[in-house]
file start.tsv (TSV, C-alpha atoms)
chain	number	residue	atom	x	y	z
I	279	MET	CA	-15.17	-58.97	115.10
I	280	ARG	CA	-16.08	-55.66	116.77
I	281	ALA	CA	-19.71	-56.06	115.73
I	282	HIS	CA	-20.02	-59.57	117.20
I	283	PRO	CA	-17.60	-59.87	120.14
I	284	LEU	CA	-19.42	-62.82	121.73
I	285	ALA	CA	-19.19	-64.88	118.54
I	286	THR	CA	-15.51	-63.94	118.21
I	287	ASP	CA	-14.80	-65.12	121.76
I	288	ALA	CA	-16.71	-68.33	121.07
I	289	VAL	CA	-14.49	-69.06	118.08
I	290	LEU	CA	-11.41	-68.25	120.20
I	291	ALA	CA	-12.65	-70.58	122.96
I	292	PHE	CA	-13.23	-73.39	120.47
I	293	GLY	CA	-9.71	-72.94	119.08
I	294	ALA	CA	-8.25	-72.98	122.58
I	295	PHE	CA	-10.16	-76.19	123.40
I	296	VAL	CA	-8.91	-77.91	120.24
I	297	SER	CA	-5.34	-76.82	120.99
I	298	MET	CA	-5.53	-78.09	124.58
I	299	VAL	CA	-6.94	-81.45	123.49
I	300	VAL	CA	-4.28	-81.87	120.80
I	301	GLY	CA	-1.57	-80.82	123.25
I	302	SER	CA	-2.73	-83.34	125.82
I	303	PHE	CA	-1.68	-86.19	123.48
I	304	ALA	CA	1.95	-84.97	123.43
I	305	ASP	CA	4.48	-86.48	125.85
I	306	PRO	CA	7.53	-84.29	126.45
I	307	HIS	CA	9.35	-87.10	128.29
I	308	GLY	CA	9.53	-89.79	125.62
I	309	PRO	CA	12.50	-92.12	125.42
I	310	HIS	CA	13.87	-90.24	122.42
I	311	GLY	CA	12.50	-86.78	123.15
I	312	PRO	CA	8.98	-85.35	122.85
I	313	THR	CA	6.56	-87.76	121.16
I	314	PHE	CA	2.93	-87.44	120.00
I	315	GLY	CA	0.18	-90.00	120.45
I	316	THR	CA	1.93	-92.04	123.10
I	317	ARG	CA	-0.50	-90.91	125.84
I	318	THR	CA	-4.16	-89.97	126.16
I	319	PRO	CA	-5.81	-87.43	128.51
I	320	GLU	CA	-7.96	-88.48	131.41
I	321	PRO	CA	-11.75	-87.90	131.18
I	322	PHE	CA	-11.52	-85.52	134.14
I	323	SER	CA	-8.86	-83.50	132.30
I	324	LEU	CA	-11.08	-83.32	129.21
I	325	LEU	CA	-13.90	-82.01	131.41
I	326	LEU	CA	-11.63	-79.34	132.91
I	327	MET	CA	-10.48	-78.29	129.42
I	328	LEU	CA	-14.08	-78.05	128.24
I	329	LEU	CA	-15.13	-75.97	131.24
I	330	GLY	CA	-12.12	-73.67	130.86
I	331	ALA	CA	-12.80	-73.13	127.16
I	332	ALA	CA	-16.49	-72.42	127.88
I	333	ALA	CA	-15.51	-69.79	130.46
I	334	LEU	CA	-13.44	-67.96	127.80
I	335	VAL	CA	-16.62	-67.14	125.88
I	336	PHE	CA	-17.41	-64.53	128.56
I	337	ARG	CA	-13.88	-63.18	128.97
I	338	ARG	CA	-14.77	-59.63	127.81
I	339	ARG	CA	-17.90	-59.31	129.92
I	340	ARG	CA	-16.41	-60.66	133.16
I	341	PRO	CA	-12.63	-60.73	132.72
I	342	ARG	CA	-11.72	-61.11	136.41
I	343	THR	CA	-14.41	-63.72	137.05
I	344	VAL	CA	-13.23	-65.73	134.04
I	345	LEU	CA	-9.63	-65.47	135.28
I	346	ALA	CA	-10.63	-66.74	138.71
I	347	VAL	CA	-12.57	-69.68	137.20
I	348	THR	CA	-9.76	-70.70	134.86
I	349	CYS	CA	-7.21	-70.40	137.67
I	350	GLY	CA	-9.30	-72.75	139.80
I	351	LEU	CA	-9.60	-75.28	136.96
I	352	SER	CA	-5.86	-75.06	136.31
I	353	LEU	CA	-5.07	-75.66	139.99
I	354	LEU	CA	-7.24	-78.78	139.95
I	355	GLU	CA	-5.41	-80.09	136.90
I	356	LEU	CA	-1.97	-79.26	138.33
I	357	THR	CA	-2.65	-81.15	141.54
I	358	THR	CA	-4.58	-84.17	140.19
I	359	GLY	CA	-3.73	-84.61	136.54
I	360	GLU	CA	-1.51	-87.56	135.62
I	361	PRO	CA	-0.57	-87.19	132.87
I	362	ARG	CA	-0.99	-83.41	133.11
I	363	ALA	CA	-3.13	-81.70	130.42
I	364	PRO	CA	-2.50	-78.08	129.32
I	365	VAL	CA	-5.56	-76.61	131.07
I	366	ALA	CA	-3.40	-73.61	132.06
I	367	MET	CA	-3.77	-72.31	128.47
I	368	CYS	CA	-7.22	-71.00	129.51
I	369	THR	CA	-5.62	-69.07	132.35
I	370	VAL	CA	-3.04	-67.57	129.99
I	371	ILE	CA	-5.78	-66.20	127.69
I	372	ALA	CA	-7.86	-64.93	130.61
I	373	LEU	CA	-4.83	-63.18	132.17
I	374	TYR	CA	-4.07	-61.51	128.83
I	375	THR	CA	-7.65	-60.20	128.72
I	376	VAL	CA	-7.46	-58.78	132.24
I	377	ALA	CA	-4.14	-57.08	131.50
I	378	ALA	CA	-5.48	-55.58	128.25
I	379	ARG	CA	-8.59	-54.13	129.93
I	380	THR	CA	-7.23	-52.75	133.22
I	381	ASP	CA	-4.49	-50.38	134.28
I	382	ARG	CA	-0.83	-51.22	134.80
I	383	PRO	CA	-0.80	-51.44	138.64
I	384	THR	CA	-3.73	-53.89	138.53
I	385	THR	CA	-1.95	-55.92	135.86
I	386	TRP	CA	1.16	-56.14	138.03
I	387	ARG	CA	-0.76	-57.26	141.10
I	388	ILE	CA	-2.98	-59.82	139.37
I	389	GLY	CA	-0.21	-61.01	137.05
I	390	LEU	CA	2.29	-61.65	139.86
I	391	LEU	CA	-0.37	-63.35	141.98
I	392	THR	CA	-1.38	-65.65	139.11
I	393	MET	CA	2.21	-66.47	138.13
I	394	ALA	CA	3.30	-67.19	141.71
I	395	GLY	CA	0.16	-69.13	142.60
I	396	LEU	CA	0.13	-71.48	139.59
I	397	THR	CA	3.89	-72.00	139.53
I	398	GLY	CA	4.09	-72.56	143.29
I	399	VAL	CA	1.25	-75.13	143.28
I	400	ALA	CA	2.76	-76.90	140.25
I	401	MET	CA	6.16	-77.14	141.95
I	402	LEU	CA	5.03	-78.09	145.43
I	403	ALA	CA	1.81	-80.10	144.99
I	404	GLY	CA	2.08	-81.54	141.50
I	405	PRO	CA	3.15	-85.05	140.56
I	406	LEU	CA	6.22	-83.79	138.67
I	407	PRO	CA	9.53	-82.71	140.25
I	408	TRP	CA	9.64	-79.05	141.19
I	409	TYR	CA	12.34	-78.35	138.59
I	410	ALA	CA	10.39	-79.89	135.68
I	411	GLN	CA	10.26	-77.79	132.53
I	412	GLU	CA	6.44	-77.88	132.55
I	413	ASN	CA	6.47	-75.91	135.84
I	414	LEU	CA	8.84	-73.30	134.43
I	415	GLY	CA	6.71	-73.17	131.29
I	416	ILE	CA	3.68	-72.14	133.35
I	417	PHE	CA	5.66	-69.27	134.86
I	418	ALA	CA	6.91	-68.12	131.43
I	419	TRP	CA	3.53	-68.31	129.66
I	420	THR	CA	1.61	-66.43	132.36
I	421	GLY	CA	4.32	-63.75	132.51
I	422	MET	CA	4.23	-63.28	128.73
I	423	ALA	CA	0.43	-63.09	128.79
I	424	ALA	CA	0.49	-60.27	131.35
I	425	ALA	CA	3.22	-58.39	129.43
I	426	ALA	CA	1.42	-58.78	126.08
I	427	GLY	CA	-1.90	-57.59	127.53
I	428	ASP	CA	-0.25	-54.53	129.09
I	429	ALA	CA	1.46	-53.71	125.78
I	430	VAL	CA	-1.83	-53.96	123.88
I	431	ARG	CA	-3.57	-51.75	126.44
I	432	SER	CA	-0.81	-49.13	126.17
I	433	ARG	CA	-1.04	-49.21	122.39
I	434	ARG	CA	-4.80	-48.74	122.44
I	435	ALA	CA	-4.48	-45.85	124.88
I	436	PHE	CA	-1.87	-44.23	122.63
I	437	VAL	CA	-4.07	-44.59	119.55
I	438	ASP	CA	-7.11	-43.25	121.43
I	439	ALA	CA	-5.07	-40.25	122.59
I	440	ILE	CA	-3.96	-39.52	119.03
I	441	ARG	CA	-7.54	-39.83	117.77
I	442	GLU	CA	-8.87	-37.59	120.53
I	443	ARG	CA	-6.14	-35.02	119.84
I	444	ALA	CA	-6.97	-35.08	116.12
I	445	GLU	CA	-10.68	-34.60	116.85
I	446	ARG	CA	-9.90	-31.74	119.23
I	447	ALA	CA	-7.66	-30.15	116.59
I	448	GLU	CA	-10.47	-30.51	114.05
I	449	ARG	CA	-12.91	-28.83	116.42
I	450	THR	CA	-10.41	-26.07	117.14
I	451	ARG	CA	-9.84	-25.58	113.41
I	452	ASP	CA	-13.58	-25.29	112.81
I	453	GLU	CA	-13.96	-22.81	115.66
I	454	GLU	CA	-11.03	-20.78	114.31
I	455	ALA	CA	-12.59	-20.78	110.85
I	456	ARG	CA	-15.91	-19.57	112.29
I	457	ARG	CA	-14.12	-16.87	114.27
I	458	ARG	CA	-12.26	-15.67	111.18
I	459	VAL	CA	-15.49	-15.61	109.19
I	460	ALA	CA	-17.15	-13.53	111.92
I	461	GLU	CA	-14.21	-11.11	111.99
I	462	GLU	CA	-14.25	-10.79	108.22
I	463	ARG	CA	-17.97	-10.10	108.21
I	464	LEU	CA	-17.47	-7.45	110.87
I	465	ARG	CA	-14.66	-5.85	108.87
I	466	ILE	CA	-16.76	-5.77	105.70
I	467	ALA	CA	-19.67	-4.29	107.65
I	468	ARG	CA	-17.38	-1.54	108.96
I	469	ASP	CA	-16.12	-0.76	105.47
I	470	LEU	CA	-19.63	-0.62	104.07
I	471	HIS	CA	-20.74	1.65	106.88
I	472	ASP	CA	-17.79	3.99	106.42
I	473	VAL	CA	-18.31	4.24	102.67
I	474	VAL	CA	-22.08	4.62	102.69
I	475	ALA	CA	-22.38	6.90	105.74
I	476	HIS	CA	-19.76	9.34	104.48
I	477	HIS	CA	-21.08	9.78	100.98
I	478	ILE	CA	-24.77	9.65	101.86
I	479	ALA	CA	-24.20	12.40	104.44
I	480	LEU	CA	-22.61	14.56	101.74
I	481	VAL	CA	-25.41	13.79	99.31
I	482	ASN	CA	-27.97	14.74	101.95
I	483	VAL	CA	-26.26	18.04	102.70
I	484	GLN	CA	-25.78	19.03	99.07
I	485	ALA	CA	-29.35	18.01	98.17
I	486	GLY	CA	-30.63	20.22	100.98
I	487	VAL	CA	-28.54	23.14	99.71
I	488	ALA	CA	-29.83	22.64	96.17
I	489	ALA	CA	-33.45	22.57	97.33
I	490	HIS	CA	-32.92	25.74	99.38
I	491	VAL	CA	-31.38	27.87	96.62
I	492	MET	CA	-33.16	26.32	93.60
I	493	ASP	CA	-35.46	29.31	92.99
I	494	LYS	CA	-33.24	32.25	93.91
I	495	ARG	CA	-29.74	31.03	92.87
I	496	PRO	CA	-30.00	28.32	90.22
I	497	ASP	CA	-26.26	28.44	89.50
I	498	GLN	CA	-25.43	27.50	93.10
I	499	ALA	CA	-28.13	24.81	92.96
I	500	LYS	CA	-26.47	23.35	89.86
I	501	GLU	CA	-23.12	23.29	91.63
I	502	ALA	CA	-24.68	21.51	94.62
I	503	LEU	CA	-26.31	18.94	92.36
I	504	ALA	CA	-22.96	18.39	90.64
I	505	HIS	CA	-21.46	17.64	94.06
I	506	VAL	CA	-24.37	15.24	94.72
I	507	ARG	CA	-23.56	13.45	91.47
I	508	ASP	CA	-19.85	13.22	92.29
I	509	ALA	CA	-20.50	11.99	95.82
I	510	SER	CA	-22.98	9.36	94.63
I	511	ARG	CA	-20.56	8.21	91.93
I	512	SER	CA	-17.77	7.90	94.50
I	513	ALA	CA	-20.09	5.99	96.82
I	514	LEU	CA	-21.01	3.57	94.08
I	515	ASN	CA	-17.36	3.04	93.10
I	516	GLU	CA	-16.24	2.38	96.67
I	517	LEU	CA	-19.26	0.18	97.32
I	518	ARG	CA	-18.52	-1.82	94.17
I	519	ALA	CA	-14.89	-2.23	95.21
I	520	THR	CA	-15.84	-3.31	98.74
I	521	VAL	CA	-18.49	-5.77	97.62
I	522	GLY	CA	-16.06	-7.05	94.99
I	523	LEU	CA	-13.93	-8.45	97.78
I	524	LEU	CA	-16.67	-11.00	98.35
I	525	ARG	CA	-16.35	-12.43	94.86
I	526	GLN	CA	-14.91	-15.88	94.37
I	527	SER	CA	-11.55	-16.32	92.71
I	528	GLY	CA	-11.95	-16.19	88.96
I	529	ASP	CA	-15.09	-14.06	89.01
I	530	PRO	CA	-15.02	-11.09	86.63
I	531	GLU	CA	-14.71	-7.46	87.66
I	532	ALA	CA	-12.55	-8.11	90.70
I	533	PRO	CA	-11.37	-4.83	92.29
I	534	THR	CA	-7.86	-3.83	91.32
I	535	GLU	CA	-7.53	-0.35	92.83
I	536	PRO	CA	-5.71	-0.08	96.19
I	537	ALA	CA	-7.53	0.61	99.41
I	538	PRO	CA	-7.79	4.31	100.34
I	539	GLY	CA	-5.24	5.79	102.68
I	540	LEU	CA	-3.64	9.02	103.82
I	541	ALA	CA	-2.26	9.55	100.31
I	542	VAL	CA	-5.77	10.55	99.19
I	543	LEU	CA	-6.63	12.44	102.37
I	544	ASP	CA	-6.78	15.74	100.48
I	545	GLU	CA	-9.45	14.37	98.17
I	546	LEU	CA	-11.50	13.25	101.16
I	547	VAL	CA	-11.19	16.64	102.84
I	548	ASP	CA	-12.16	18.42	99.62
I	549	THR	CA	-15.49	16.59	99.57
I	550	PHE	CA	-16.29	18.01	103.00
I	551	ARG	CA	-15.13	21.47	102.02
I	552	HIS	CA	-17.44	21.39	99.01
I	553	ALA	CA	-20.23	20.42	101.44
I	554	GLY	CA	-19.58	23.63	103.40
I	555	LEU	CA	-17.41	22.31	106.23
I	556	PRO	CA	-14.11	24.20	106.62
I	557	VAL	CA	-11.38	21.69	107.46
I	558	GLU	CA	-7.76	22.35	108.37
I	559	VAL	CA	-5.30	19.46	107.96
I	560	ILE	CA	-1.88	18.88	109.48
I	561	VAL	CA	0.06	15.73	108.58
I	562	GLN	CA	3.47	15.11	110.13
I	563	LEU	CA	4.65	11.57	109.54
I	564	GLY	CA	8.37	12.28	109.72
I	565	ARG	CA	10.98	11.76	107.06
I	566	GLY	CA	13.13	8.71	106.64
I	567	GLU	CA	10.85	6.50	108.77
I	568	GLY	CA	9.27	4.67	105.84
I	569	PRO	CA	5.63	4.43	104.83
I	570	LEU	CA	2.92	3.34	107.21
I	571	PRO	CA	1.70	-0.27	107.09
I	572	ALA	CA	-1.32	-0.69	104.85
I	573	ALA	CA	-3.63	-1.64	107.72
I	574	VAL	CA	-2.60	1.41	109.78
I	575	ASP	CA	-2.89	3.70	106.76
I	576	LEU	CA	-6.41	2.47	106.00
I	577	ALA	CA	-7.51	2.66	109.64
I	578	ALA	CA	-6.30	6.26	109.96
I	579	TYR	CA	-8.16	7.21	106.78
I	580	ARG	CA	-11.39	5.57	107.94
I	581	VAL	CA	-11.20	7.20	111.40
I	582	ILE	CA	-10.84	10.64	109.80
I	583	GLN	CA	-13.63	9.88	107.34
I	584	GLU	CA	-16.05	8.78	110.04
I	585	ALA	CA	-15.15	11.62	112.39
I	586	LEU	CA	-15.67	14.30	109.71
I	587	THR	CA	-18.93	12.65	108.67
I	588	ASN	CA	-20.16	12.92	112.26
I	589	VAL	CA	-19.09	16.57	112.37
I	590	ARG	CA	-21.07	17.30	109.22
I	591	LYS	CA	-24.13	15.44	110.52
I	592	HIS	CA	-24.22	16.63	114.13
I	593	ALA	CA	-22.40	19.96	114.33
I	594	GLY	CA	-24.34	23.17	113.87
I	595	PRO	CA	-24.02	25.76	111.10
I	596	GLY	CA	-20.67	27.47	110.84
I	597	ALA	CA	-18.80	24.57	112.42
I	598	ARG	CA	-15.11	24.17	111.69
I	599	ALA	CA	-12.97	21.06	111.94
I	600	GLU	CA	-9.28	20.36	112.44
I	601	VAL	CA	-7.51	17.15	111.45
I	602	SER	CA	-4.01	16.22	112.60
I	603	VAL	CA	-2.02	13.08	111.84
I	604	VAL	CA	1.25	12.92	113.75
I	605	ARG	CA	3.74	10.12	114.05
I	606	VAL	CA	5.01	9.92	117.62
I	607	GLY	CA	7.62	7.24	118.20
I	608	PRO	CA	6.21	3.79	117.51
I	609	SER	CA	2.64	5.00	116.91
I	610	VAL	CA	0.53	7.37	114.84
I	611	GLU	CA	-1.92	9.71	116.57
I	612	VAL	CA	-4.99	10.84	114.66
I	613	THR	CA	-7.03	13.73	116.09
I	614	VAL	CA	-10.21	15.29	114.70
I	615	LEU	CA	-11.64	18.36	116.48
I	616	ASP	CA	-14.65	20.56	115.82
I	617	ASP	CA	-15.93	23.66	117.57
I	618	GLY	CA	-19.57	22.58	117.50
I	619	GLY	CA	-20.87	25.50	115.46
I	620	VAL	CA	-24.19	27.13	116.34
I	621	SER	CA	-27.26	25.19	117.54
I	622	ALA	CA	-25.48	21.87	117.19
I	623	ASP	CA	-27.33	18.61	117.60
I	624	PRO	CA	-26.51	16.64	120.71
I	625	ALA	CA	-23.22	14.87	120.23
I	626	PRO	CA	-23.46	11.11	119.86
I	627	ASP	CA	-22.88	9.27	123.07
I	628	PRO	CA	-20.07	6.73	122.52
I	629	ALA	CA	-21.51	4.49	125.23
I	630	ASP	CA	-25.02	4.51	123.79
I	631	PRO	CA	-25.69	1.17	122.08
I	632	GLY	CA	-28.83	2.46	120.43
I	633	GLY	CA	-27.10	4.90	118.05
I	634	GLY	CA	-25.18	4.31	114.86
I	635	HIS	CA	-22.14	2.12	114.37
I	636	GLY	CA	-19.60	4.81	113.45
I	637	LEU	CA	-17.97	5.27	116.85
I	638	LEU	CA	-18.10	1.54	117.52
I	639	GLY	CA	-16.48	0.90	114.14
I	640	MET	CA	-13.64	3.31	114.92
I	641	ARG	CA	-12.95	1.57	118.21
I	642	GLU	CA	-13.03	-1.84	116.56
I	643	ARG	CA	-10.62	-0.74	113.84
I	644	THR	CA	-8.09	0.69	116.27
I	645	GLY	CA	-8.54	-2.18	118.72
I	646	ALA	CA	-7.90	-4.75	115.97
I	647	LEU	CA	-4.49	-3.15	115.42
I	648	GLY	CA	-3.66	-3.02	119.12
I	649	GLY	CA	-4.45	0.70	119.42
I	650	SER	CA	-7.11	2.77	121.15
I	651	CYS	CA	-9.72	5.38	120.26
I	652	PHE	CA	-11.38	8.03	122.42
I	653	ALA	CA	-14.40	10.06	121.33
I	654	GLY	CA	-16.23	12.57	123.45
I	655	PRO	CA	-17.36	16.19	123.90
I	656	ARG	CA	-14.79	18.95	124.32
I	657	TYR	CA	-14.78	21.43	127.15
I	658	GLY	CA	-16.40	24.60	125.85
I	659	GLY	CA	-18.30	22.91	123.03
I	660	GLY	CA	-17.58	20.70	120.11
I	661	TYR	CA	-16.36	17.16	119.85
I	662	ARG	CA	-13.00	15.40	119.86
I	663	VAL	CA	-11.90	12.08	118.35
I	664	HIS	CA	-8.42	10.85	119.23
I	665	ALA	CA	-7.02	7.55	117.95
I	666	ILE	CA	-3.62	5.96	118.63
I	667	LEU	CA	-2.45	3.40	116.07
I	668	PRO	CA	0.75	1.42	116.69
I	669	VAL	CA	2.96	1.30	113.63
I	670	ALA	CA	4.69	-2.00	114.43
call {"tool": "encode", "arguments": {"input": "start.tsv", "output": "structure tokens"}}
result
Amino acid sequence: MRAHPLATDAVLAFGAFVSMVVGSFADPHGPHGPTFGTRTPEPFSLLLMLLGAAALVFRRRRPRTVLAVTCGLSLLELTTGEPRAPVAMCTVIALYTVAARTDRPTTWRIGLLTMAGLTGVAMLAGPLPWYAQENLGIFAWTGMAAAAGDAVRSRRAFVDAIRERAERAERTRDEEARRRVAEERLRIARDLHDVVAHHIALVNVQAGVAAHVMDKRPDQAKEALAHVRDASRSALNELRATVGLLRQSGDPEAPTEPAPGLAVLDELVDTFRHAGLPVEVIVQLGRGEGPLPAAVDLAAYRVIQEALTNVRKHAGPGARAEVSVVRVGPSVEVTVLDDGGVSADPAPDPADPGGGHGLLGMRERTGALGGSCFAGPRYGGGYRVHAILPVA
């Protein structure tokens, strides 16, 4: 029916014509009540019924024009027909169509005008008495047609609103899924950067030491190479654990060890001390306040790891670093300082987009938890990283 609306309206028009012709043989005023076959319609009435039914074929394309045509045909029948034929059935169908395809104020105006016009002409200019039931029937049928069309229009609008809301929710769900995927990719990229940058920096330093003392102090070169081996093994283990998060459920070798945190901070600091960077650590998290949330614990660990890696890469020989983790009220403050050493490389500019991703990763980690991170040169030399992580 939706694919062929014109054919559907043609079938409806044919049904309406048959109903009007059959109804024109009924006499509601028989001697013993309504009778059928005791009267026949006039040829002019048959012509009006045929024209009205033909107009209904175009009711969807020109609803108001069809209503006006059928109203005119009905007025002719009401004023001239004797006996009266039910030509007004065409007007009822046309009025329903107008009400179903317009808004409510238009339905009220056109519906009241049609009801009053047809009923008034039938009462005042027709051959029947004004109080005849046929006149009241015209009023009732046109009123019901307008009400039914308005109800159908409201129902369609309600269904369209539900469908549009469902489509919008589907689009929003897809956008949310894409946003979560992008955030997860960014988080994995940060983790990979933190793991690889830290350990590769240590490997680079220890390999340089081994190459420098290989001929004169082979024992120290062996120790440096042992540190290279340990750092590379740790890098591989952490890389395997991080990449393992991308496995599907049910895949073998899923990572089972917990994410690193401040509990293994001493092990992290020892790797830098073995690489020749003196590091002093102060941790004051308070007693009786409970452990830190896992996300905060991991973020604090990664900030310290990245900051010490930058110290080892950019600070000059003889540089020293200080790490402090202090719980202050509802937040944890992480501070990493270095004195710059001698002949230090230029400190990385946190606003420079052309450098690495370490400082950007620290800011993203703290920002994701609702905190903040500042990184910049210290007065008198050196560098300072200060991060505030809310506990709640």
call {"tool": "residues_around", "arguments": {"input": "start.tsv", "residues": "segment 416-427 of chain I", "least_positions_apart": "4", "cutoff": "7 Å", "atoms": "all atoms listed in the file", "output": "number ranges by chain"}}
result
I: 370, 373-375, 377-378, 385, 389, 393, 397, 412, 431
call {"tool": "write_last_selection", "arguments": {"input": "start.tsv", "atoms": "C-alpha atoms", "output": "JSON list (two decimals), keeping the file's coordinate frame"}}
result
[["chain", "number", "residue", "atom", "x", "y", "z"],
["I", 370, "VAL", "CA", -3.04, -67.57, 129.99],
["I", 373, "LEU", "CA", -4.83, -63.18, 132.17],
["I", 374, "TYR", "CA", -4.07, -61.51, 128.83],
["I", 375, "THR", "CA", -7.65, -60.20, 128.72],
["I", 377, "ALA", "CA", -4.14, -57.08, 131.50],
["I", 378, "ALA", "CA", -5.48, -55.58, 128.25],
["I", 385, "THR", "CA", -1.95, -55.92, 135.86],
["I", 389, "GLY", "CA", -0.21, -61.01, 137.05],
["I", 393, "MET", "CA", 2.21, -66.47, 138.13],
["I", 397, "THR", "CA", 3.89, -72.00, 139.53],
["I", 412, "GLU", "CA", 6.44, -77.88, 132.55],
["I", 431, "ARG", "CA", -3.57, -51.75, 126.44]]
call {"tool": "closest_residue", "arguments": {"input": "start.tsv", "among": "I:Leu391, I:Ala509, I:Ala485, I:Val581", "to": "Asp548 of chain I", "atoms": "only C-alpha atoms"}}
result
I:Ala509
call {"tool": "residues_near_point", "arguments": {"input": "start.tsv", "point": "(-25.1, 14.0, 104.8)", "cutoff": "12 Å", "atoms": "only C-alpha atoms", "output": "JSON, numbers by chain"}}
result
{"I": [474, 475, 476, 477, 478, 479, 480, 481, 482, 483, 484, 485, 486, 487, 505, 506, 509, 510, 549, 550, 553, 554, 555, 584, 586, 587, 588, 589, 590, 591, 592, 593]}
call {"tool": "closest_residue", "arguments": {"input": "start.tsv", "among": "I:Ala346, I:Leu325, I:Val547, I:Ala435", "to": "Thr392 of chain I", "atoms": "all atoms listed in the file"}}
result
I:Ala346
call {"tool": "atom_distance", "arguments": {"input": "start.tsv", "atom1": "atom CA of Ser302 of chain I", "atom2": "atom CA of Ala372 of chain I"}}
result
19.7 Å
call {"tool": "atom_distance", "arguments": {"input": "start.tsv", "atom1": "atom CA of Arg565 of chain I", "atom2": "atom CA of Val601 of chain I"}}
result
19.8 Å
call {"tool": "atom_distance", "arguments": {"input": "start.tsv", "atom1": "atom CA of Gly660 of chain I", "atom2": "atom CA of Leu615 of chain I"}}
result
7.3 Å
call {"tool": "residues_around", "arguments": {"input": "start.tsv", "residues": "Gly639 of chain I", "least_positions_apart": "2", "cutoff": "10 Å", "atoms": "all atoms listed in the file", "output": "list in words"}}
result
Leu464, Arg465, Ala467, Arg468, Asp469, His471, Asp472, Arg580, Val581, Glu584, Gly634, His635, Gly636, Leu637, Arg641, Glu642, Arg643, Thr644 and Gly645 of chain I
call {"tool": "closest_residue", "arguments": {"input": "start.tsv", "among": "I:Leu470, I:Ala572, I:Ile582, I:Ile371", "to": "Asn515 of chain I", "atoms": "all atoms listed in the file"}}
result
I:Leu470
call {"tool": "closest_residue", "arguments": {"input": "start.tsv", "among": "I:Thr318, I:Thr384, I:Ser323, I:Gln583", "to": "Leu540 of chain I", "atoms": "all atoms listed in the file"}}
result
I:Gln583
call {"tool": "closest_residue", "arguments": {"input": "start.tsv", "among": "I:Phe436, I:Phe336, I:Tyr657, I:Phe314", "to": "Asp616 of chain I", "atoms": "all atoms listed in the file"}}
result
I:Tyr657
call {"tool": "closest_residue", "arguments": {"input": "start.tsv", "among": "I:Gly301, I:Val376, I:Leu326, I:Ile388", "to": "Val344 of chain I", "atoms": "all atoms listed in the file"}}
result
I:Val376
